[in-house]
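Asks: Following this message is one structure expressed as structure tokens.
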Amino acid sequence: MQRRGVFHARRTDAVLLLVAIVWGSSYLAAKTATYALPVLVVLFARYAISGIACLALVAIRQEGRYTRDEVRTGSLLGVTQAAVLVLETYGVAHTSAANAGLIISLTIVLTPLLDRTADNGPLPPRFFAAAGLCLLAVTLLMSGSGFHTPRIGDLLMLAAAVVRAVHVALVGRLTKGRVVRPLQLTAVQTVLGSALFAVPASSGLPRLTQVDPGVWGQLVHLALFCSVFAFLAQTWAVQNSSASRASLLLGTEPVWAVAVGIGLGGEKVTALAGLGAALMVTGTYWGQGIERTHRTTHKEESPCRTTTPTSV
């Protein structure tokens, strides 16, 4: 029985680690796709493929009609999610995949500052020290080989981290006390995203017929693996593990982004940027640990209160 429990725990950890790797690879995939296609076309294709897959899964599972909460919440979150992906995709098109993955990890320390659904009280001063370390890391990453005007791609990724933190905080606030199914919520968001990008991307859609299978592979990877699979796998893993353990493993995403960018994308990292990468990973893990301990301690002191996970 104990051996079976260990196997189950390792399987869950493996799934979470795979999600982190998939998300880490998304930046290089998006960068590669935007070499061949306009950003808006990449976004529409990603949303459309994801939407078709989600609608098919909902139909296969035959779980009944969408609830009013799922439609309303999914519609609002669909707008904020689309804003995140616009900033991310334009950002990664103008910076390195490694930088993109590291800067977006600022979401880990920004989200607790915005999330007030758990009512966990003020964060300890150490958390703000960790956040400051992350900001220093972003400065070093933006500087590259020397201090100069930040690249537009880095600034867009910084904006994406802020908007993603707002999106995650909204997920907690809008789903608290409501019965919303993850698959249905994702389906609403992806269908809305497809509609939002259909018209802006319409002039470039004929180019989809001109790209090679490799580009289509990147689009399918972004849609099915980085979106649909990652979200559903994360939900399953959290239900079979703990939010703290899940966040620790998912927090390795920036490490995989750097590994994929250097190993597969042939990107170079200067000494200054390498120091920034090390500080970013240290700061996010430090801040994540402080926030998790604070939330757990406050929950034990106030057992009547409930908390909402801060990751999606």
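Just so we're on the same page: first chain in the structure tokens is A, next is B, and so on; residues restart at 1 for each chain, and ligands are numbered from 1 in the order they show up.
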If you run DSSP on the backbone, which residues of range 78-282 of chain A are alpha helix (DSSP H), as JSON, numbers by chain?
Replies: {"A": [78, 79, 80, 81, 82, 83, 84, 85, 86, 87, 88, 89, 90, 91, 92, 93, 97, 98, 99, 100, 101, 102, 103, 104, 107, 108, 109, 110, 111, 112, 113, 114, 125, 126, 127, 128, 129, 130, 131, 132, 133, 134, 135, 136, 137, 138, 139, 140, 141, 142, 143, 152, 153, 154, 155, 156, 157, 158, 159, 160, 161, 162, 163, 164, 165, 166, 167, 168, 169, 170, 171, 172, 173, 174, 175, 182, 183, 184, 185, 186, 187, 188, 189, 190, 191, 192, 193, 194, 195, 196, 197, 198, 199, 200, 201, 213, 214, 215, 216, 217, 218, 219, 220, 230, 231, 232, 233, 234, 235, 236, 237, 238, 239, 243, 244, 245, 246, 247, 248, 249, 250, 253, 254, 255, 256, 257, 258, 259, 260, 261, 262, 263, 271, 272, 273, 274, 275, 276, 277, 278, 279, 280, 281, 282]}
Asks: Using only C-alpha atoms, which residue out of A:Trp216, A:Val39, A:Ser96, A:Asp69 lies closest to Gly265 in chain A?
Replies: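 Among A:Trp216, A:Val39, A:Ser96, A:Asp69, it is A:Ser96 that comes nearest to Gly265 in chain A.
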Asks: If you measure from CA of Glu291 in chain A to CA of Phe128 in chain A, what distance in Å do you get, rounded to one decimal?
Replies: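 Value for the CA of Glu291 in chain A-CA of Phe128 in chain A distance: 10.3 Å.
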Asks: Applying 6 Å and only C-alpha atoms, which residues near range 180-185 of chain A remain after dropping the ones on its own chain fewer than 2 positions away? List them as number ranges by chain.
Replies: A: 70, 74, 187-188
Asks: Near range 152-154 of chain A, within 9 Å and counting only C-alpha atoms, which residues show up once chain neighbours fewer than 4 positions away are dropped, as a list of chain:residue names?
Replies: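 Once the nearby chain positions are removed, what remains is A:Leu87, A:Glu88, A:Tyr90, A:Gly91, A:Val92, A:Ala93, A:His94, A:Thr95, A:Ser96, A:Asn99, A:Ala100, A:Ile103, A:Val138, A:Leu141, A:Met142, A:Leu158, A:Ala159.
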Asks: Residues of the last selection are to be written out with C-alpha atoms, as a tab-separated table (two decimals), in the first residue's frame.
Replies:
```tsv
chain	number	residue	atom	x	y	z
A	87	LEU	CA	1.79	40.98	-24.66
A	88	GLU	CA	3.64	37.65	-24.27
A	90	TYR	CA	4.69	40.28	-29.12
A	91	GLY	CA	7.23	40.35	-26.31
A	92	VAL	CA	8.88	37.02	-27.10
A	93	ALA	CA	9.05	38.05	-30.76
A	94	HIS	CA	11.36	40.92	-29.72
A	95	THR	CA	13.49	39.31	-27.01
A	96	SER	CA	15.05	35.94	-26.29
A	99	ASN	CA	14.52	36.26	-21.08
A	100	ALA	CA	10.80	35.93	-21.76
A	103	ILE	CA	10.66	37.89	-16.76
A	138	VAL	CA	14.78	42.04	-14.44
A	141	LEU	CA	18.20	40.69	-17.81
A	142	MET	CA	17.13	43.77	-19.74
A	158	LEU	CA	7.26	42.89	-17.96
A	159	ALA	CA	3.80	44.23	-18.82
```
Asks: I'd like the neighbourhood of Gln81 in chain A as JSON, numbers by chain, where a residue qualifies if any of its atoms comes within 9 Å (using only C-alpha atoms), though same-chain residues fewer than 5 positions away should be ignored.
Replies: {"A": [76, 86, 163, 164, 167, 189, 193]}
Asks: Filtering to N, CA and C atoms, could you give me those residues as a PDB file, in the first residue's frame?
Replies:
```pdb
ATOM      1  N   LEU A  76     -15.108  37.095 -19.070  1.00  0.00           N
ATOM      2  CA  LEU A  76     -14.242  38.133 -18.514  1.00  0.00           C
ATOM      3  C   LEU A  76     -12.793  37.665 -18.467  1.00  0.00           C
ATOM      4  N   VAL A  86      -1.329  38.430 -25.918  1.00  0.00           N
ATOM      5  CA  VAL A  86      -0.890  39.460 -26.871  1.00  0.00           C
ATOM      6  C   VAL A  86       0.458  40.022 -26.436  1.00  0.00           C
ATOM      7  N   VAL A 163      -0.025  41.926 -16.103  1.00  0.00           N
ATOM      8  CA  VAL A 163      -1.391  41.596 -16.522  1.00  0.00           C
ATOM      9  C   VAL A 163      -1.723  40.148 -16.162  1.00  0.00           C
ATOM     10  N   ARG A 164      -0.739  39.247 -16.257  1.00  0.00           N
ATOM     11  CA  ARG A 164      -0.998  37.860 -15.874  1.00  0.00           C
ATOM     12  C   ARG A 164      -1.291  37.758 -14.378  1.00  0.00           C
ATOM     13  N   HIS A 167      -4.758  38.745 -13.974  1.00  0.00           N
ATOM     14  CA  HIS A 167      -5.616  37.654 -14.458  1.00  0.00           C
ATOM     15  C   HIS A 167      -5.745  36.552 -13.410  1.00  0.00           C
ATOM     16  N   GLN A 189     -13.189  30.569 -22.609  1.00  0.00           N
ATOM     17  CA  GLN A 189     -12.075  31.496 -22.821  1.00  0.00           C
ATOM     18  C   GLN A 189     -11.463  31.340 -24.210  1.00  0.00           C
ATOM     19  N   GLY A 193     -11.474  34.012 -27.203  1.00  0.00           N
ATOM     20  CA  GLY A 193     -10.198  34.450 -27.760  1.00  0.00           C
ATOM     21  C   GLY A 193     -10.162  34.297 -29.272  1.00  0.00           C
TER      22      GLY A 193
END
```
Asks: Give me the residues within 10 Å of Lys268 in chain A as a VMD selection string, counting only C-alpha atoms and dropping any in the same chain fewer than 5 places off.
Replies: chain A and resid 96 98 258 261 to 263 273 to 274
Asks: Between A:Val22, A:Val41, A:Leu250, A:Leu17, which one has atoms that come closest to Pro206 in chain A, using only C-alpha atoms?
Replies: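 Distance minimum relative to Pro206 in chain A lands on A:Val41.
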Asks: Give me, please, the distance in Å between CA of Val109 in chain A and CA of Ala20 in chain A, quoted to one decimal.
Replies: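 These two atoms are separated by 17.3 Å.
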Asks: CA of Ser105 in chain A and CA of Thr293 in chain A, how far apart in Å?
Replies: 19.2 Å
Asks: With distances taken over only C-alpha atoms, which of A:Val71, A:Ala36, A:Leu156, A:Ala278 is nearest to Pro254 in chain A?
Replies: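 Closest to Pro254 in chain A of all the choices is A:Ala278.
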Asks: Do you know which residues are at most 12 Å from Ala45 in chain A counting only C-alpha atoms, after dropping those on the same chain fewer than 2 positions away, and could you put them as a VMD selection string?
Replies: chain A and resid 30 33 to 34 37 to 43 47 to 52 190 to 191 193 to 198 201 to 202 204 to 209 215 to 224
